[in-house]
Each structure stands twice: as structure tokens, then as C-alpha cells.
file protein-v3.cif (mmCIF, C-alpha atoms)
data_model
#
loop_
_atom_site.group_PDB
_atom_site.id
_atom_site.type_symbol
_atom_site.label_atom_id
_atom_site.label_comp_id
_atom_site.auth_asym_id
_atom_site.auth_seq_id
_atom_site.Cartn_x
_atom_site.Cartn_y
_atom_site.Cartn_z
ATOM 1 C CA MET U 1 -76.733 -56.530 -78.423
ATOM 2 C CA GLU U 2 -76.669 -60.035 -76.956
ATOM 3 C CA GLU U 3 -80.231 -59.895 -75.744
ATOM 4 C CA SER U 4 -82.645 -60.657 -78.546
ATOM 5 C CA GLY U 5 -86.141 -59.243 -78.330
ATOM 6 C CA THR U 6 -86.347 -58.669 -82.064
ATOM 7 C CA PRO U 7 -89.714 -59.609 -83.588
ATOM 8 C CA ALA U 8 -89.355 -62.680 -85.820
ATOM 9 C CA GLN U 9 -90.743 -60.714 -88.777
ATOM 10 C CA TRP U 10 -87.907 -58.210 -88.438
ATOM 11 C CA ASN U 11 -85.366 -61.038 -88.535
ATOM 12 C CA THR U 12 -86.974 -62.218 -91.779
ATOM 13 C CA MET U 13 -86.784 -58.640 -93.083
ATOM 14 C CA PHE U 14 -83.061 -58.478 -92.190
ATOM 15 C CA GLN U 15 -82.474 -61.748 -94.055
ATOM 16 C CA ASN U 16 -84.326 -60.453 -97.108
ATOM 17 C CA MET U 17 -82.251 -57.270 -97.086
ATOM 18 C CA GLU U 18 -79.017 -59.241 -96.821
ATOM 19 C CA THR U 19 -79.853 -61.676 -99.600
ATOM 20 C CA SER U 20 -82.235 -59.719 -101.881
ATOM 21 C CA PHE U 21 -81.376 -56.082 -101.035
ATOM 22 C CA SER U 22 -85.029 -55.412 -100.264
ATOM 23 C CA PRO U 23 -87.074 -55.853 -97.075
ATOM 24 C CA TRP U 24 -89.366 -58.102 -99.132
ATOM 25 C CA LYS U 25 -88.269 -61.376 -100.633
ATOM 26 C CA PHE U 26 -88.083 -60.453 -104.304
ATOM 27 C CA SER U 27 -85.289 -61.286 -106.694
ATOM 28 C CA PRO U 28 -82.971 -58.283 -107.217
ATOM 29 C CA SER U 29 -83.046 -59.057 -110.941
ATOM 30 C CA ASP U 30 -86.795 -58.268 -110.950
ATOM 31 C CA ARG U 31 -86.299 -54.789 -109.475
ATOM 32 C CA PHE U 32 -86.536 -53.016 -112.801
ATOM 33 C CA ASN U 33 -89.494 -55.006 -114.160
ATOM 34 C CA TRP U 34 -91.905 -52.164 -113.341
ATOM 35 C CA ALA U 35 -90.514 -50.202 -116.298
ATOM 36 C CA GLU U 36 -91.395 -52.800 -118.953
ATOM 37 C CA LYS U 37 -95.045 -51.812 -119.189
ATOM 38 C CA VAL U 38 -94.443 -48.076 -119.288
ATOM 39 C CA LYS U 39 -91.662 -48.410 -121.881
ATOM 40 C CA GLU U 40 -94.138 -50.051 -124.265
ATOM 41 C CA GLU U 41 -96.740 -47.346 -123.845
ATOM 42 C CA GLU U 42 -97.114 -44.630 -126.482
ATOM 43 C CA MET U 43 -96.382 -41.202 -125.033
ATOM 44 C CA LYS U 44 -99.492 -39.033 -124.985
ATOM 45 C CA MET O 1 -95.319 -41.082 -131.619
ATOM 46 C CA SER O 2 -92.698 -42.464 -129.314
ATOM 47 C CA THR O 3 -92.929 -44.541 -126.163
ATOM 48 C CA TYR O 4 -92.041 -43.459 -122.635
ATOM 49 C CA GLN O 5 -88.346 -43.752 -121.845
ATOM 50 C CA VAL O 6 -86.824 -45.075 -118.615
ATOM 51 C CA PRO O 7 -83.051 -44.825 -119.072
ATOM 52 C CA THR O 8 -80.687 -46.308 -116.512
ATOM 53 C CA LEU O 9 -77.551 -44.553 -115.309
ATOM 54 C CA ALA O 10 -75.547 -47.446 -116.807
ATOM 55 C CA GLU O 11 -77.072 -46.814 -120.250
ATOM 56 C CA MET O 12 -76.506 -43.064 -119.874
ATOM 57 C CA ALA O 13 -72.883 -43.556 -118.841
ATOM 58 C CA ALA O 14 -72.277 -45.891 -121.817
ATOM 59 C CA ALA O 15 -73.512 -43.093 -124.087
ATOM 60 C CA SER O 16 -71.357 -40.523 -122.199
ATOM 61 C CA LYS O 17 -74.482 -38.734 -121.010
ATOM 62 C CA THR O 18 -75.158 -37.332 -117.548
ATOM 63 C CA PRO O 19 -78.784 -36.889 -116.470
ATOM 64 C CA GLU O 20 -79.777 -33.960 -114.269
ATOM 65 C CA ILE O 21 -81.523 -36.143 -111.738
ATOM 66 C CA LEU O 22 -81.473 -39.674 -110.453
ATOM 67 C CA PHE O 23 -85.014 -40.907 -109.811
ATOM 68 C CA TRP O 24 -84.572 -43.175 -106.780
ATOM 69 C CA VAL O 25 -87.457 -45.620 -107.093
ATOM 70 C CA GLY O 26 -87.127 -47.505 -103.806
ATOM 71 C CA CYS O 27 -88.200 -51.054 -102.925
ATOM 72 C CA ALA O 28 -91.922 -50.280 -102.676
ATOM 73 C CA GLY O 29 -91.840 -48.349 -105.941
ATOM 74 C CA SER O 30 -90.115 -51.309 -107.593
ATOM 75 C CA PHE O 31 -91.990 -54.266 -106.095
ATOM 76 C CA ASP O 32 -95.277 -53.208 -104.482
ATOM 77 C CA GLU O 33 -98.047 -53.737 -107.039
ATOM 78 C CA ARG O 34 -99.932 -50.632 -105.927
ATOM 79 C CA TYR O 35 -96.912 -48.351 -105.685
ATOM 80 C CA LYS O 36 -95.530 -49.469 -109.049
ATOM 81 C CA ILE O 37 -98.478 -47.550 -110.539
ATOM 82 C CA VAL O 38 -97.222 -44.426 -108.732
ATOM 83 C CA THR O 39 -93.698 -45.004 -110.063
ATOM 84 C CA GLN O 40 -95.085 -45.336 -113.587
ATOM 85 C CA ALA O 41 -97.172 -42.175 -113.180
ATOM 86 C CA PHE O 42 -94.140 -40.200 -111.997
ATOM 87 C CA VAL O 43 -91.980 -41.476 -114.865
ATOM 88 C CA LYS O 44 -94.681 -40.442 -117.327
ATOM 89 C CA ILE O 45 -94.677 -36.939 -115.828
ATOM 90 C CA LEU O 46 -90.864 -36.749 -116.135
ATOM 91 C CA ASN O 47 -91.110 -37.850 -119.790
ATOM 92 C CA LYS O 48 -93.917 -35.452 -120.596
ATOM 93 C CA VAL O 49 -92.157 -32.476 -119.033
ATOM 94 C CA GLY O 50 -88.862 -33.432 -120.654
ATOM 95 C CA VAL O 51 -86.848 -33.769 -117.455
ATOM 96 C CA SER O 52 -83.388 -35.239 -117.947
ATOM 97 C CA PHE O 53 -83.465 -38.238 -115.617
ATOM 98 C CA ALA O 54 -82.285 -41.790 -115.152
ATOM 99 C CA VAL O 55 -82.886 -44.615 -112.693
ATOM 100 C CA LEU O 56 -80.461 -47.147 -111.253
ATOM 101 C CA GLY O 57 -82.700 -50.039 -112.287
ATOM 102 C CA PRO O 58 -81.188 -53.363 -111.190
ATOM 103 C CA GLU O 59 -78.286 -51.519 -109.558
ATOM 104 C CA GLU O 60 -80.552 -49.982 -106.905
ATOM 105 C CA ALA O 61 -80.785 -51.614 -103.467
ATOM 106 C CA CYS O 62 -82.709 -50.870 -100.273
ATOM 107 C CA THR O 63 -81.384 -47.696 -98.625
ATOM 108 C CA GLY O 64 -81.093 -49.605 -95.340
ATOM 109 C CA ASP O 65 -83.710 -47.456 -93.601
ATOM 110 C CA PRO O 66 -85.810 -50.298 -92.131
ATOM 111 C CA ALA O 67 -82.683 -52.010 -90.790
ATOM 112 C CA ARG O 68 -81.521 -48.894 -88.949
ATOM 113 C CA ARG O 69 -85.022 -48.154 -87.613
ATOM 114 C CA ALA O 70 -85.201 -51.738 -86.352
ATOM 115 C CA GLY O 71 -81.837 -51.413 -84.626
ATOM 116 C CA ASN O 72 -79.613 -53.304 -87.068
ATOM 117 C CA GLU O 73 -76.931 -50.677 -87.574
ATOM 118 C CA PHE O 74 -74.483 -53.072 -89.235
ATOM 119 C CA LEU O 75 -76.954 -54.053 -91.949
ATOM 120 C CA PHE O 76 -77.928 -50.415 -92.491
ATOM 121 C CA GLN O 77 -74.320 -49.420 -93.097
ATOM 122 C CA MET O 78 -73.711 -52.346 -95.458
ATOM 123 C CA GLN O 79 -76.665 -51.292 -97.615
ATOM 124 C CA ALA O 80 -75.873 -47.594 -97.396
ATOM 125 C CA VAL O 81 -72.199 -47.892 -98.298
ATOM 126 C CA ALA O 82 -72.996 -50.110 -101.286
ATOM 127 C CA ASN O 83 -75.525 -47.584 -102.586
ATOM 128 C CA ILE O 84 -73.208 -44.639 -101.983
ATOM 129 C CA GLN O 85 -70.416 -46.379 -103.912
ATOM 130 C CA VAL O 86 -72.726 -46.861 -106.881
ATOM 131 C CA MET O 87 -74.082 -43.291 -106.794
ATOM 132 C CA ASN O 88 -70.637 -41.735 -106.355
ATOM 133 C CA ALA O 89 -69.252 -43.819 -109.229
ATOM 134 C CA TYR O 90 -71.934 -42.272 -111.460
ATOM 135 C CA GLU O 91 -71.227 -38.834 -109.956
ATOM 136 C CA VAL O 92 -74.857 -38.379 -108.915
ATOM 137 C CA LYS O 93 -75.619 -34.817 -107.791
ATOM 138 C CA LYS O 94 -79.382 -34.657 -107.444
ATOM 139 C CA VAL O 95 -81.808 -37.355 -106.303
ATOM 140 C CA VAL O 96 -85.609 -37.314 -106.532
ATOM 141 C CA THR O 97 -87.638 -40.007 -104.814
ATOM 142 C CA ALA O 98 -91.312 -40.767 -104.186
ATOM 143 C CA CYS O 99 -90.525 -42.490 -100.877
ATOM 144 C CA PRO O 100 -90.100 -40.348 -97.749
ATOM 145 C CA HIS O 101 -88.116 -43.141 -96.073
ATOM 146 C CA CYS O 102 -85.575 -43.192 -98.905
ATOM 147 C CA PHE O 103 -85.711 -39.374 -98.981
ATOM 148 C CA ASN O 104 -84.901 -39.038 -95.279
ATOM 149 C CA THR O 105 -82.168 -41.666 -95.333
ATOM 150 C CA ILE O 106 -80.323 -40.451 -98.430
ATOM 151 C CA LYS O 107 -80.720 -36.788 -97.419
ATOM 152 C CA ASN O 108 -79.863 -36.983 -93.745
ATOM 153 C CA GLU O 109 -78.028 -40.236 -93.102
ATOM 154 C CA TYR O 110 -75.891 -40.840 -96.191
ATOM 155 C CA PRO O 111 -73.700 -37.709 -95.779
ATOM 156 C CA ALA O 112 -72.032 -39.217 -92.696
ATOM 157 C CA LEU O 113 -71.049 -42.212 -94.832
ATOM 158 C CA GLY O 114 -69.708 -40.180 -97.761
ATOM 159 C CA GLY O 115 -72.873 -39.736 -99.819
ATOM 160 C CA ASN O 116 -73.575 -36.055 -100.427
ATOM 161 C CA TYR O 117 -76.450 -35.277 -102.790
ATOM 162 C CA GLU O 118 -79.220 -32.768 -103.192
ATOM 163 C CA VAL O 119 -82.274 -34.826 -102.285
ATOM 164 C CA ILE O 120 -85.832 -33.840 -103.198
ATOM 165 C CA HIS O 121 -89.127 -35.571 -102.484
ATOM 166 C CA HIS O 122 -91.433 -35.975 -105.471
ATOM 167 C CA SER O 123 -93.992 -33.643 -103.849
ATOM 168 C CA GLN O 124 -91.371 -30.874 -103.886
ATOM 169 C CA PHE O 125 -90.375 -31.709 -107.445
ATOM 170 C CA LEU O 126 -93.992 -31.681 -108.623
ATOM 171 C CA GLN O 127 -94.594 -28.397 -106.818
ATOM 172 C CA GLN O 128 -91.565 -26.884 -108.604
ATOM 173 C CA LEU O 129 -92.759 -28.141 -111.991
ATOM 174 C CA ILE O 130 -96.219 -26.669 -111.409
ATOM 175 C CA HIS O 131 -94.734 -23.398 -110.130
ATOM 176 C CA GLU O 132 -92.480 -23.112 -113.203
ATOM 177 C CA GLY O 133 -95.445 -23.756 -115.483
ATOM 178 C CA LYS O 134 -93.864 -26.935 -116.858
ATOM 179 C CA VAL O 135 -96.749 -29.108 -115.753
ATOM 180 C CA VAL O 136 -99.879 -28.079 -117.587
ATOM 181 C CA LEU O 137 -102.996 -29.254 -115.782
ATOM 182 C CA GLN O 138 -106.166 -29.815 -117.736
ATOM 183 C CA GLY O 139 -109.440 -28.551 -116.324
ATOM 184 C CA GLY O 140 -111.966 -30.753 -114.592
ATOM 185 C CA GLY O 141 -110.888 -34.150 -113.374
ATOM 186 C CA GLU O 142 -112.779 -36.590 -111.182
ATOM 187 C CA PHE O 143 -112.059 -34.612 -107.991
ATOM 188 C CA LYS O 144 -112.912 -31.133 -109.348
ATOM 189 C CA GLY O 145 -114.423 -29.090 -106.549
ATOM 190 C CA LYS O 146 -114.370 -32.099 -104.241
ATOM 191 C CA LYS O 147 -112.671 -32.448 -100.884
ATOM 192 C CA ILE O 148 -109.222 -34.000 -100.643
ATOM 193 C CA THR O 149 -107.284 -34.352 -97.411
ATOM 194 C CA PHE O 150 -103.519 -34.827 -97.184
ATOM 195 C CA HIS O 151 -101.983 -37.293 -94.775
ATOM 196 C CA ASP O 152 -98.492 -36.137 -93.685
ATOM 197 C CA SER O 153 -96.011 -38.999 -93.664
ATOM 198 C CA CYS O 154 -93.635 -38.946 -90.676
ATOM 199 C CA TYR O 155 -90.410 -38.818 -92.666
ATOM 200 C CA LEU O 156 -91.552 -36.089 -95.040
ATOM 201 C CA GLY O 157 -93.485 -34.072 -92.463
ATOM 202 C CA ARG O 158 -92.260 -34.136 -88.930
ATOM 203 C CA ALA O 159 -88.760 -35.472 -89.714
ATOM 204 C CA ASN O 160 -88.076 -33.020 -92.535
ATOM 205 C CA GLU O 161 -90.745 -30.352 -92.119
ATOM 206 C CA VAL O 162 -91.975 -30.582 -95.697
ATOM 207 C CA TYR O 163 -95.597 -29.557 -95.218
ATOM 208 C CA GLU O 164 -96.367 -26.992 -97.899
ATOM 209 C CA ALA O 165 -95.116 -28.652 -101.114
ATOM 210 C CA PRO O 166 -97.654 -31.495 -101.134
ATOM 211 C CA ARG O 167 -100.448 -29.082 -100.199
ATOM 212 C CA GLU O 168 -99.519 -26.663 -102.987
ATOM 213 C CA VAL O 169 -99.666 -29.565 -105.449
ATOM 214 C CA ILE O 170 -103.172 -30.456 -104.265
ATOM 215 C CA GLN O 171 -104.313 -26.835 -104.341
ATOM 216 C CA ALA O 172 -103.165 -26.551 -107.964
ATOM 217 C CA LEU O 173 -105.660 -29.294 -108.847
ATOM 218 C CA ASP O 174 -108.836 -27.260 -108.530
ATOM 219 C CA VAL O 175 -110.034 -29.224 -105.495
ATOM 220 C CA GLU O 176 -110.861 -28.286 -101.914
ATOM 221 C CA LEU O 177 -108.008 -29.172 -99.554
ATOM 222 C CA VAL O 178 -109.347 -30.078 -96.117
ATOM 223 C CA GLU O 179 -107.177 -30.746 -93.079
ATOM 224 C CA MET O 180 -107.490 -33.497 -90.522
ATOM 225 C CA LYS O 181 -107.696 -32.660 -86.843
ATOM 226 C CA ARG O 182 -104.074 -33.726 -86.469
ATOM 227 C CA CYS O 183 -101.937 -32.439 -89.334
ATOM 228 C CA LYS O 184 -98.530 -31.004 -90.228
ATOM 229 C CA SER O 185 -96.328 -30.796 -87.087
ATOM 230 C CA LYS O 186 -99.125 -32.468 -85.087
ATOM 231 C CA GLY O 187 -99.667 -35.194 -87.700
ATOM 232 C CA LEU O 188 -100.230 -38.810 -86.738
ATOM 233 C CA CYS O 189 -98.229 -41.747 -88.129
ATOM 234 C CA CYS O 190 -100.095 -44.202 -90.397
ATOM 235 C CA GLY O 191 -98.729 -46.990 -88.240
ATOM 236 C CA ALA O 192 -96.007 -48.170 -90.646
ATOM 237 C CA GLY O 193 -93.181 -45.767 -89.737
ATOM 238 C CA GLY O 194 -89.986 -46.920 -88.058
ATOM 239 C CA ALA O 195 -89.963 -50.340 -89.818
ATOM 240 C CA GLN O 196 -93.395 -51.154 -88.356
ATOM 241 C CA MET O 197 -94.443 -51.812 -91.968
ATOM 242 C CA PHE O 198 -92.566 -55.094 -91.762
ATOM 243 C CA LYS O 199 -94.121 -56.546 -88.623
ATOM 244 C CA GLU O 200 -97.520 -56.989 -87.039
ATOM 245 C CA PRO O 201 -98.686 -53.980 -84.993
ATOM 246 C CA GLU O 202 -98.021 -53.972 -81.268
ATOM 247 C CA PRO O 203 -101.039 -55.220 -79.314
ATOM 248 C CA GLY O 204 -103.476 -52.527 -78.187
ATOM 249 C CA ALA O 205 -107.083 -51.390 -78.196
ATOM 250 C CA LYS O 206 -106.938 -49.995 -81.753
ATOM 251 C CA ASP O 207 -104.483 -50.144 -84.647
ATOM 252 C CA ILE O 208 -102.883 -46.823 -85.571
ATOM 253 C CA ASN O 209 -104.061 -46.932 -89.185
ATOM 254 C CA ILE O 210 -107.662 -47.305 -88.042
ATOM 255 C CA GLU O 211 -107.338 -44.272 -85.774
ATOM 256 C CA ARG O 212 -105.796 -42.286 -88.631
ATOM 257 C CA THR O 213 -108.396 -43.456 -91.148
ATOM 258 C CA GLU O 214 -111.167 -42.307 -88.816
ATOM 259 C CA GLU O 215 -109.559 -38.855 -88.690
ATOM 260 C CA ALA O 216 -109.382 -38.758 -92.481
ATOM 261 C CA LEU O 217 -113.002 -39.868 -92.875
ATOM 262 C CA ALA O 218 -114.116 -37.213 -90.383
ATOM 263 C CA THR O 219 -113.049 -34.521 -92.881
ATOM 264 C CA GLY O 220 -115.641 -35.757 -95.382
ATOM 265 C CA ALA O 221 -112.960 -35.999 -98.075
ATOM 266 C CA GLN O 222 -113.550 -38.124 -101.171
ATOM 267 C CA ALA O 223 -109.840 -38.807 -101.451
ATOM 268 C CA ILE O 224 -106.952 -39.198 -99.042
ATOM 269 C CA ALA O 225 -103.782 -38.002 -100.749
ATOM 270 C CA VAL O 226 -100.461 -39.417 -99.614
ATOM 271 C CA GLY O 227 -96.830 -39.088 -100.626
ATOM 272 C CA CYS O 228 -95.476 -42.318 -99.152
ATOM 273 C CA PRO O 229 -95.816 -45.981 -100.198
ATOM 274 C CA PHE O 230 -96.330 -47.244 -96.671
ATOM 275 C CA CYS O 231 -98.937 -44.592 -95.837
ATOM 276 C CA LEU O 232 -100.703 -45.601 -99.067
ATOM 277 C CA THR O 233 -100.857 -49.226 -97.903
ATOM 278 C CA MET O 234 -101.908 -48.419 -94.340
ATOM 279 C CA MET O 235 -104.593 -45.911 -95.284
ATOM 280 C CA THR O 236 -105.930 -48.204 -98.013
ATOM 281 C CA ASP O 237 -106.184 -51.015 -95.441
ATOM 282 C CA GLY O 238 -107.943 -48.611 -93.071
ATOM 283 C CA ILE O 239 -110.482 -47.627 -95.739
ATOM 284 C CA LYS O 240 -111.131 -51.315 -96.498
ATOM 285 C CA ASN O 241 -111.576 -51.987 -92.780
ATOM 286 C CA LYS O 242 -114.194 -49.219 -92.673
ATOM 287 C CA GLU O 243 -115.786 -50.581 -95.886
ATOM 288 C CA ARG O 244 -115.508 -47.213 -97.594
ATOM 289 C CA GLU O 245 -113.584 -48.316 -100.725
ATOM 290 C CA SER O 246 -116.566 -47.409 -102.895
ATOM 291 C CA ASP O 247 -116.623 -43.711 -101.974
ATOM 292 C CA VAL O 248 -113.147 -42.818 -100.643
ATOM 293 C CA GLN O 249 -109.951 -43.276 -102.634
ATOM 294 C CA VAL O 250 -106.390 -43.306 -101.367
ATOM 295 C CA VAL O 251 -104.118 -41.770 -103.977
ATOM 296 C CA ASP O 252 -100.569 -40.557 -104.385
ATOM 297 C CA LEU O 253 -99.816 -36.984 -105.466
ATOM 298 C CA ALA O 254 -98.079 -38.145 -108.659
ATOM 299 C CA GLU O 255 -101.188 -40.070 -109.689
ATOM 300 C CA LEU O 256 -103.373 -37.011 -109.122
ATOM 301 C CA VAL O 257 -101.056 -34.833 -111.214
ATOM 302 C CA ALA O 258 -100.582 -37.398 -114.015
ATOM 303 C CA LYS O 259 -104.346 -37.859 -114.355
ATOM 304 C CA ARG O 260 -104.872 -34.136 -114.661
ATOM 305 C CA MET O 261 -102.134 -33.974 -117.316
ATOM 306 C CA GLY O 262 -104.130 -36.543 -119.267
ATOM 307 C CA ILE O 263 -101.350 -39.160 -119.150
#

call {"tool": "encode", "arguments": {"input": "protein-v3.cif", "output": "C-alpha cells"}}
result
Amino acid sequence: MEESGTPAQWNTMFQNMETSFSPWKFSPSDRFNWAEKVKEEEMK
Amino acid sequence: MSTYQVPTLAEMAAASKTPEILFWVGCAGSFDERYKIVTQAFVKILNKVGVSFAVLGPEEACTGDPARRAGNEFLFQMQAVANIQVMNAYEVKKVVTACPHCFNTIKNEYPALGGNYEVIHHSQFLQQLIHEGKVVLQGGGEFKGKKITFHDSCYLGRANEVYEAPREVIQALDVELVEMKRCKSKGLCCGAGGAQMFKEPEPGAKDINIERTEEALATGAQAIAVGCPFCLTMMTDGIKNKERESDVQVVDLAELVAKRMGI
């Protein structure tokens, strides 16, 4: 565990997961934004 | 006319209601511009069929899969335990997800940490709905009579041996299913599995997604169907690399079904 051969991009991913709970740097409060559009759409 | 509904488990609980299934959206389904369209298509299907479902919404967090695949066991367990606590508090019994990485992790890795749920991939759920006659497919469609090939994702296919459900969904669409040279138990990764999605590919003569795209193109299919957000990205990049965007589409199963339902 002491030896570090981890790709830098994986370290960034770990940081994102720790702070944003996603491997990408998005705000956790935006996680449900995808539903806004569909909730406005009339059901066919 | 009413609009599509996307209830959260928190809203359901406040109304003393318990949905039959939790639709686990996943990070790609929540944030990736392309995969959000798949999430929306699947939610429309659930609405149309009248499935009792809810999502976690802002209470959902990464399953921890990429951390574990990349060797960060501590981070994986932090994410997993937090999610399990939330799901157990809501007494979740059944989970459906459109992400094979989430599917594999919740199904096979959460039980050891106290999370025991029936977990179903959306290809299996769609296959069930079609089989039960709940999904009514309209005739025609842009791929009627045309060739579609299915790319097996690692965590749905070889890790969990789900090969037939996605194929039965495609076959219900009145199209010609064609197989790649390497498929099912001999399938080839898109190049994004095992947290490779989140780093540059290892150096080599050819990127994996290019190799896989060439196999897909060799079938002569007009569409490459996938059931995984990362495969969708990798195969789409491969098609762009080959400059075939104009005649070959990369599509998710839920999109194919939703289109044929006219929604």
C-alpha cells in the first residue's frame, strides 16, 4: 500500500468520489437534475 | 393529460408509500449528457407501463465500484456502507439499474456489507415487461428489418452471465440481430471496464475501443446496441474515430424500446 503507482487520473477520481460522491466532479445537489425535463413532459 | 412522474423514496416515505422497485440511476445516468437521455427513456417506459418505482435522487451516491476496481478498498467501503444505510432505512427490496457496474456491485458486493436486495439490470426488466405483454411495441421503427448487433458489457455479460435478456429485447423489435465475432462468453471489453473509464488507456498499438468498433462494423450493422453507459461512450468514440457517425448509431436498449413504444 505504501508504493504508489496509481495513475494521477485515478487519484483525481478518488478525490471526486470522496468530496462529490461521483467519479466525476459534479455537485451532489445536481444529481437529480436529469429528472426536471422529463417531469415537465406530457405523458404520451 | 399528465406529466411523467419521477418520485423519490423520500417523497414516497413521507406519503407512507412503498414502491415495488428502486430505480438506481448511477453517476453516468445522472450526470453524463448522453446517458441522461437513456435514464429519461427508461423512466418514461416505467411511467407508461405503470410500474411502481422511485429513485433516490439527491440521496444516491456512487456505488464505489471504480474505487474498488482501482484498488482503493477503503473508499469503496465508505461509499458502499453509506448507500446500504440509506437503502436499508427505506427497506428497499428490489433494485433495477441501467448500469452494469452498479448492477454487479449492488448484486454481488453489497451483501457482504449488509446490503441484500434483488438486483435486476434494465435489459432483464425490459425483457420481462415485453414477455408479460406490458410493453406494447408499435410496428415499423427506423431499424425495422435492419441489422443490429449487441455489444456485451463485461459486468453484465462475463461477470454475471446475462446474455439472453438483452438479445431477446432486440429480437422483439422486428430487427435482424447479428453477432460479432467475439460475443457472449467470448465478448471483448469496450476498454472502459475496471475503472479504465476514468484514465487514459494504457499505451499500445491500438486502443481497445477501436478494436471492438472494428468488430462491430464488420457485422454490417446499422446500430450497435449497448446496455452500459461506459460501453456507450467507448463505442460512440470508436464510431467517431472511424468517421461512421452518419450511418452507424450507438444506442441503449431502453432507447430502442421507448422509441418503438412511441414515447

call {"tool": "resolve_selection", "arguments": {"input": "protein-v3.cif", "expression": "the PyMOL selection byres ((chain U) within 8 of (chain O))", "output": "JSON, numbers by chain"}}
result
{"U": [7, 9, 10, 13, 14, 17, 18, 21, 22, 23, 26, 28, 29, 30, 31, 32, 33, 34, 35, 38, 39, 40, 41, 42, 43, 44]}

call {"tool": "residues_around", "arguments": {"input": "protein-v3.cif", "residues": "range 204-212 of chain O", "least_positions_apart": "4", "cutoff": "12 Å", "atoms": "all atoms listed in the file", "output": "short mmCIF file (atom, residue, chain, number, x, y, z; two decimals) with C-alpha atoms, keeping the file's coordinate frame"}}
result
data_model
loop_
_atom_site.label_atom_id
_atom_site.label_comp_id
_atom_site.auth_asym_id
_atom_site.auth_seq_id
_atom_site.Cartn_x
_atom_site.Cartn_y
_atom_site.Cartn_z
CA THR O 149 -107.28 -34.35 -97.41
CA PHE O 150 -103.52 -34.83 -97.18
CA HIS O 151 -101.98 -37.29 -94.78
CA ASP O 152 -98.49 -36.14 -93.68
CA SER O 153 -96.01 -39.00 -93.66
CA MET O 180 -107.49 -33.50 -90.52
CA LYS O 181 -107.70 -32.66 -86.84
CA ARG O 182 -104.07 -33.73 -86.47
CA CYS O 183 -101.94 -32.44 -89.33
CA GLY O 187 -99.67 -35.19 -87.70
CA LEU O 188 -100.23 -38.81 -86.74
CA CYS O 189 -98.23 -41.75 -88.13
CA CYS O 190 -100.10 -44.20 -90.40
CA GLY O 191 -98.73 -46.99 -88.24
CA ALA O 192 -96.01 -48.17 -90.65
CA GLY O 193 -93.18 -45.77 -89.74
CA GLN O 196 -93.40 -51.15 -88.36
CA MET O 197 -94.44 -51.81 -91.97
CA GLU O 200 -97.52 -56.99 -87.04
CA ALA O 216 -109.38 -38.76 -92.48
CA LEU O 217 -113.00 -39.87 -92.88
CA ALA O 218 -114.12 -37.21 -90.38
CA THR O 219 -113.05 -34.52 -92.88
CA ILE O 224 -106.95 -39.20 -99.04
CA PHE O 230 -96.33 -47.24 -96.67
CA CYS O 231 -98.94 -44.59 -95.84
CA LEU O 232 -100.70 -45.60 -99.07
CA THR O 233 -100.86 -49.23 -97.90
CA MET O 234 -101.91 -48.42 -94.34
CA MET O 235 -104.59 -45.91 -95.28
CA THR O 236 -105.93 -48.20 -98.01
CA ASP O 237 -106.18 -51.02 -95.44
CA GLY O 238 -107.94 -48.61 -93.07
CA ILE O 239 -110.48 -47.63 -95.74
CA LYS O 240 -111.13 -51.32 -96.50
CA ASN O 241 -111.58 -51.99 -92.78
CA LYS O 242 -114.19 -49.22 -92.67
CA GLU O 243 -115.79 -50.58 -95.89
#

call {"tool": "residues_around", "arguments": {"input": "protein-v3.cif", "residues": "Lys259 in chain O", "least_positions_apart": "4", "cutoff": "9 Å", "atoms": "all atoms listed in the file", "output": "PyMOL selection string"}}
result
chain O and resi 41+137-138+141+254-255+263

call {"tool": "atom_distance", "arguments": {"input": "protein-v3.cif", "atom1": "CA of Gly157 in chain O", "atom2": "CA of Ser185 in chain O"}}
result
6.9 Å

call {"tool": "atom_distance", "arguments": {"input": "protein-v3.cif", "atom1": "CA of Gln15 in chain U", "atom2": "CA of Cys228 in chain O"}}
result
23.9 Å

call {"tool": "resolve_selection", "arguments": {"input": "protein-v3.cif", "expression": "the PyMOL selection byres ((chain O and resi 142-145) around 12)", "output": "PyMOL selection string"}}
result
chain O and resi 137-141+146-149+170-178+221-225+247-249+251+256-257+259-260+262

call {"tool": "resolve_selection", "arguments": {"input": "protein-v3.cif", "expression": "the PyMOL selection byres ((chain O and resi 115-119) around 8)", "output": "list in words"}}
result
Ile84, Met87, Asn88, Val92, Lys93, Lys94, Val95, Val96, Thr97, Phe103, Ile106, Lys107, Tyr110, Pro111, Ala112, Leu113, Gly114, Ile120 and His121 of chain O

call {"tool": "closest_residue", "arguments": {"input": "protein-v3.cif", "among": "O:Ser52, O:Arg69, O:Lys184, O:Gln77", "to": "Thr6 in chain U", "atoms": "only C-alpha atoms"}}
result
O:Arg69

call {"tool": "atom_distance", "arguments": {"input": "protein-v3.cif", "atom1": "CA of Cys99 in chain O", "atom2": "CA of Gly227 in chain O"}}
result
7.2 Å

call {"tool": "closest_residue", "arguments": {"input": "protein-v3.cif", "among": "O:Leu253, O:Ala10, O:Val49, O:Ala82", "to": "Val135 in chain O", "atoms": "only C-alpha atoms"}}
result
O:Val49

call {"tool": "axis_aligned_box", "arguments": {"input": "protein-v3.cif", "around": "range 131-139 of chain O", "padding_each_side": "8 Å", "output": "lines of an AutoDock Vina configuration file"}}
result
center_x = -101.0
center_y = -26.5
center_z = -113.9
size_x = 33.0
size_y = 22.7
size_z = 23.6
